[in-house]
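S.K.: work03.cif is reproduced below (mmCIF, C-alpha atoms and all ligand atoms).
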data_start
loop_
_atom_site.label_atom_id
_atom_site.label_comp_id
_atom_site.auth_asym_id
_atom_site.auth_seq_id
_atom_site.Cartn_x
_atom_site.Cartn_y
_atom_site.Cartn_z
CA MET A 2 -20.79 -16.39 -16.24
CA ALA A 3 -20.18 -16.18 -12.54
CA LEU A 4 -21.23 -13.39 -10.25
CA LEU A 5 -19.11 -12.72 -7.20
CA LYS A 6 -20.34 -11.30 -3.90
CA ILE A 7 -19.27 -7.72 -3.32
CA LEU A 8 -18.11 -6.90 0.23
CA GLU A 9 -19.64 -3.80 1.82
CA PHE A 10 -18.23 -1.16 4.17
CA PRO A 11 -17.43 -1.52 7.06
CA ASP A 12 -16.42 -5.14 6.33
CA SER A 13 -12.85 -5.48 7.63
CA ARG A 14 -11.88 -7.68 4.66
CA LEU A 15 -11.99 -4.51 2.52
CA ARG A 16 -8.93 -3.40 4.55
CA THR A 17 -6.75 -6.29 3.29
CA LYS A 18 -3.69 -5.33 1.22
CA ALA A 19 -3.63 -7.24 -2.07
CA LYS A 20 -0.52 -9.19 -3.09
CA PRO A 21 1.01 -8.98 -6.56
CA VAL A 22 -0.06 -11.62 -9.06
CA GLU A 23 2.94 -13.90 -9.60
CA GLN A 24 1.85 -15.48 -12.86
CA VAL A 25 -0.95 -14.39 -15.20
CA ASP A 26 -2.47 -17.81 -15.94
CA ASP A 27 -5.90 -19.25 -16.74
CA GLY A 28 -6.90 -19.07 -13.07
CA ILE A 29 -6.24 -15.30 -13.09
CA ARG A 30 -8.06 -14.94 -16.44
CA GLN A 31 -11.08 -16.71 -14.92
CA ILE A 32 -11.07 -14.27 -11.98
CA ILE A 33 -10.94 -11.37 -14.46
CA ALA A 34 -13.90 -12.77 -16.46
CA ASP A 35 -15.93 -13.21 -13.26
CA MET A 36 -14.99 -9.71 -12.07
CA LEU A 37 -16.14 -8.21 -15.40
CA ASP A 38 -19.47 -10.09 -15.18
CA THR A 39 -19.88 -8.83 -11.61
CA MET A 40 -18.97 -5.23 -12.52
CA TYR A 41 -21.34 -5.07 -15.53
CA LYS A 42 -24.18 -6.67 -13.58
CA ALA A 43 -23.84 -4.33 -10.57
CA PRO A 44 -23.61 -2.02 -12.61
CA GLY A 45 -20.32 -0.24 -12.01
CA ILE A 46 -17.48 1.34 -14.00
CA GLY A 47 -14.73 -0.42 -12.07
CA LEU A 48 -14.06 -3.26 -9.66
CA ALA A 49 -11.00 -4.22 -7.63
CA ALA A 50 -10.39 -7.85 -6.61
CA THR A 51 -10.36 -6.78 -2.94
CA GLN A 52 -14.09 -5.99 -3.24
CA VAL A 53 -14.85 -9.61 -4.11
CA ASN A 54 -12.59 -10.94 -1.34
CA ILE A 55 -9.74 -11.89 -3.68
CA HIS A 56 -6.57 -10.32 -2.33
CA GLN A 57 -4.47 -10.14 -5.47
CA GLN A 58 -3.65 -6.97 -7.42
CA ILE A 59 -6.31 -7.15 -10.14
CA ILE A 60 -8.54 -4.32 -11.39
CA VAL A 61 -11.20 -4.24 -14.11
CA ILE A 62 -12.65 -1.01 -15.51
CA ASP A 63 -15.05 -0.01 -18.27
CA ILE A 64 -16.06 3.65 -18.48
CA SER A 65 -17.50 3.33 -22.02
CA GLU A 66 -21.17 4.16 -22.56
CA ALA A 67 -21.75 0.94 -24.52
CA LYS A 68 -19.94 -1.15 -21.88
CA ASN A 69 -17.79 -2.74 -24.56
CA LYS A 70 -14.30 -1.47 -23.68
CA PRO A 71 -13.10 -3.58 -20.75
CA LEU A 72 -9.72 -2.64 -19.34
CA CYS A 73 -7.77 -4.88 -16.99
CA LEU A 74 -4.81 -3.85 -14.87
CA ILE A 75 -2.74 -6.41 -13.00
CA ASN A 76 -0.04 -5.31 -10.51
CA PRO A 77 -0.55 -1.62 -11.37
CA ILE A 78 2.15 0.90 -10.42
CA LEU A 79 1.61 4.66 -10.44
CA LEU A 80 4.53 6.24 -12.33
CA LYS A 81 3.35 9.86 -12.43
CA GLN A 82 0.56 12.00 -11.11
CA GLU A 83 -0.15 15.65 -11.86
CA GLY A 84 -2.69 18.30 -10.98
CA ARG A 85 -5.87 18.05 -8.95
CA GLN A 86 -9.50 17.35 -9.77
CA HIS A 87 -12.61 17.04 -7.63
CA SER A 88 -15.49 14.76 -8.50
CA GLU A 89 -18.38 12.90 -6.96
CA GLU A 90 -17.45 9.31 -6.29
CA GLY A 91 -19.52 6.27 -5.53
CA CYS A 92 -18.44 2.74 -4.69
CA LEU A 93 -20.11 -0.65 -5.05
CA SER A 94 -18.81 -1.42 -1.55
CA VAL A 95 -20.46 1.73 -0.14
CA PRO A 96 -23.87 1.51 -1.88
CA ASP A 97 -26.01 4.63 -2.47
CA ILE A 98 -23.43 7.07 -1.09
CA PHE A 99 -21.89 9.77 -3.30
CA GLU A 100 -19.34 12.27 -2.05
CA GLU A 101 -16.78 14.63 -3.55
CA VAL A 102 -13.18 13.43 -3.47
CA GLU A 103 -9.94 15.08 -4.58
CA ARG A 104 -7.69 13.09 -6.92
CA ALA A 105 -4.78 13.74 -9.26
CA GLU A 106 -6.02 15.11 -12.61
CA SER A 107 -3.67 13.06 -14.79
CA ILE A 108 -1.73 9.90 -14.11
CA MET A 109 0.64 7.47 -15.76
CA VAL A 110 0.32 3.83 -14.69
CA GLU A 111 2.19 0.70 -15.63
CA ALA A 112 0.52 -2.69 -15.35
CA LEU A 113 0.22 -6.15 -16.87
CA ASN A 114 -2.70 -7.03 -19.15
CA GLN A 115 -4.57 -10.36 -19.11
CA GLN A 116 -1.86 -11.86 -21.34
CA GLY A 117 0.78 -10.95 -18.75
CA GLU A 118 2.28 -8.27 -21.00
CA SER A 119 3.46 -4.98 -19.52
CA PHE A 120 1.84 -1.76 -20.77
CA SER A 121 1.68 1.83 -19.66
CA LEU A 122 -1.27 4.19 -19.80
CA THR A 123 -1.39 7.97 -19.47
CA THR A 124 -4.85 9.32 -18.86
CA ASP A 125 -6.93 11.97 -17.13
CA GLY A 126 -10.50 12.81 -16.15
CA LEU A 127 -12.88 10.02 -15.17
CA LEU A 128 -10.57 7.17 -16.17
CA ALA A 129 -7.81 8.63 -13.99
CA VAL A 130 -10.28 8.97 -11.08
CA CYS A 131 -11.43 5.39 -11.54
CA ILE A 132 -7.90 3.94 -11.68
CA GLN A 133 -6.93 5.84 -8.50
CA HIS A 134 -10.14 4.66 -6.76
CA GLU A 135 -9.43 1.03 -7.72
CA MET A 136 -5.73 1.19 -6.78
CA ASP A 137 -6.81 2.46 -3.35
CA HIS A 138 -9.01 -0.66 -2.93
CA LEU A 139 -5.93 -2.87 -3.52
CA LYS A 140 -4.27 -1.04 -0.60
CA GLY A 141 -7.32 -1.51 1.64
CA LYS A 142 -8.40 2.11 1.26
CA LEU A 143 -11.94 3.35 0.54
CA PHE A 144 -13.12 6.72 -0.78
CA VAL A 145 -14.91 7.34 2.54
CA ASP A 146 -11.47 7.45 4.18
CA TYR A 147 -10.97 10.88 2.55
CA LEU A 148 -14.06 12.24 4.34
CA SER A 149 -14.25 13.49 7.93
CA SER A 150 -14.69 10.83 10.62
CA LEU A 151 -18.09 12.38 11.39
CA LYS A 152 -19.26 11.89 7.79
CA ARG A 153 -17.83 8.37 7.69
CA GLU A 154 -19.66 7.48 10.89
CA ARG A 155 -22.93 8.83 9.45
CA ILE A 156 -22.42 6.73 6.33
CA ARG A 157 -21.76 3.63 8.43
CA LYS A 158 -25.00 4.15 10.36
CA LYS A 159 -27.00 4.85 7.19
CA LEU A 160 -25.76 1.63 5.55
CA LYS A 161 -26.52 -0.33 8.70
CA LYS A 162 -30.08 1.03 8.69
CA LEU A 163 -30.54 0.30 4.96
CA LYS A 164 -29.34 -3.27 5.50
CA LYS A 165 -31.74 -3.78 8.41
CA GLU A 166 -34.64 -2.47 6.34
CA LYS A 167 -33.79 -4.81 3.47
CA SER A 168 -33.62 -7.88 5.71
CA SER A 169 -36.95 -7.24 7.43
O1 LIG A 201 -19.14 2.32 -10.33
C1 LIG A 201 -18.36 3.12 -9.81
N1 LIG A 201 -18.46 4.44 -10.10
C2 LIG A 201 -17.53 5.39 -9.72
C3 LIG A 201 -17.88 6.72 -9.84
C4 LIG A 201 -16.99 7.71 -9.50
C5 LIG A 201 -15.74 7.37 -9.05
C6 LIG A 201 -15.38 6.04 -8.90
C7 LIG A 201 -16.26 5.06 -9.24
S1 LIG A 201 -15.81 3.39 -9.10
C8 LIG A 201 -17.35 2.65 -8.83
C9 LIG A 201 -17.22 1.13 -8.80
C10 LIG A 201 -16.37 0.74 -7.63
O2 LIG A 201 -16.74 0.73 -6.49
N2 LIG A 201 -15.14 0.43 -7.87
O3 LIG A 201 -14.30 0.13 -6.89
NI NI A 202 -15.04 1.16 -5.13
#
I'd like the structure from this file rewritten - as structure tokens, please.
M.R.:
Amino acid sequence: MALLKILEFPDSRLRTKAKPVEQVDDGIRQIIADMLDTMYKAPGIGLAATQVNIHQQIIVIDISEAKNKPLCLINPILLKQEGRQHSEEGCLSVPDIFEEVERAESIMVEALNQQGESFSLTTDGLLAVCIQHEMDHLKGKLFVDYLSSLKRERIRKKLKKLKKEKSS
């Protein structure tokens, strides 16, 4: 069990674009195991490698109540998106902030699993939101980027204040 440090907005490393994984080997499987530990501990329903300062295209997700259905997507590609949905999003890299974001309602993605096998997934609702949120991280994008610059600036100041309070 290894817990990784989660980067927080406005850390510029969160803006790094992740590179595709070339070979799904034991090193990658170790990163996935550590990311799952980190996600469950946080707790969160998803985590992108970018958030733990690993700039490879790796995502872990578990939206199950019992936290026993881990899903891993390596080198994900969005094949289809349809419709619109609005929901409150949060992010482990933007702690304690929740704001409404618009996303596609249903998506089809293709990715590799932890065995390096290709699979495709068609889904909607929360899982679709989560996959889109995580795929944004791999591109260096955060959910606060969909908000007005005024709101984003307020969030930045609030997080700065919270951090100062915690350290004193
Ligand atoms: O734990 C998380 N919850 C969440 C809620 C609504 C929409 C997206 C998410 S993902 C987030 C974990 C996280 O920051 N993943 O990148
Ligand atoms: Ni996030």
S.K.: Given all atoms listed in the file as the basis, pick out the residue of A:Ile132, A:Leu80, A:Ile29, A:Val22 nearest to Val61 in chain A.
M.R.: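 Of all the options, A:Ile132 lies closest to Val61 in chain A.
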S.K.: Between A:Pro44, A:Ala112, A:Leu160, A:Asp137, which has the minimum distance to Ile64 in chain A (counting all atoms listed in the file)?
M.R.: A:Pro44
S.K.: Closest to ligand LIG 201 (chain A) among A:Gln133, A:Asn114, A:Gln58, A:Ser13, using only C-alpha atoms and all ligand atoms?
M.R.: A:Gln133
S.K.: Which of these, A:Arg104, A:Lys158, A:Arg14, A:Lys20, has the shortest distance to ligand LIG 201 (chain A) once you count only C-alpha atoms and all ligand atoms?
M.R.: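 Selected residue with least distance to ligand LIG 201 (chain A): A:Arg104.
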S.K.: Distance CA of His138 in chain A-CA of Ser88 in chain A, one decimal place?
M.R.: 17.6 Å
S.K.: Can you list, as JSON, numbers by chain, every protein, DNA or RNA residue that comes within 12 Å of Ile60 in chain A when you count all atoms listed in the file, leaving out same-chain residues fewer than 2 positions away?
M.R.: {"A": [19, 21, 22, 29, 30, 32, 33, 34, 35, 36, 37, 40, 46, 47, 48, 49, 50, 51, 52, 53, 55, 56, 57, 58, 62, 63, 71, 72, 73, 74, 75, 76, 77, 78, 112, 113, 114, 115, 131, 132, 133, 134, 135, 136, 137, 138, 139]}
S.K.: Set out as a Markdown table a contact list for chain A and ligand NI 202 (chain A) with a cut-off of 6 Å, giving each residue of chain A that qualifies its closest atom pair and distance in Å to one decimal, counting all atoms listed in the file, ordered by chain and rising residue number.
M.R.:
| residue | atom | partner | partner_atom | distance |
| --- | --- | --- | --- | --- |
| A:Cys92 | CA | A:NI202 | NI | 3.8 |
| A:Leu93 | CA | A:NI202 | NI | 5.4 |
| A:Ser94 | CA | A:NI202 | NI | 5.8 |
S.K.: Could those selected residues go to a file with C-alpha atoms, as an mmCIF file, in the coordinates of the input?
M.R.:
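New file out-v4.cif:
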data_model
loop_
_atom_site.group_PDB
_atom_site.id
_atom_site.type_symbol
_atom_site.label_atom_id
_atom_site.label_comp_id
_atom_site.auth_asym_id
_atom_site.auth_seq_id
_atom_site.Cartn_x
_atom_site.Cartn_y
_atom_site.Cartn_z
ATOM 1 C CA CYS A 92 -18.440 2.740 -4.690
ATOM 2 C CA LEU A 93 -20.110 -0.650 -5.050
ATOM 3 C CA SER A 94 -18.810 -1.420 -1.550
#
S.K.: Hey, could you pull the box centre and edge lengths for ligand LIG 201 (chain A), axis-aligned, 5 Å padding per side, all listed atoms, to one decimal in Å, as JSON?
M.R.:
{"center_x": -16.7, "center_y": 3.9, "center_z": -8.4, "size_x": 14.8, "size_y": 17.6, "size_z": 13.8}
S.K.: Which distance in Å separates atom C2 of ligand LIG 201 (chain A) and CA of Phe99 in chain A, to one decimal?
M.R.: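 Those two atoms sit 8.9 Å apart.
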S.K.: What gap, in Å, lies between atom C5 of ligand LIG 201 (chain A) and CA of Lys164 in chain A?
M.R.: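 Those two atoms sit 22.6 Å apart.
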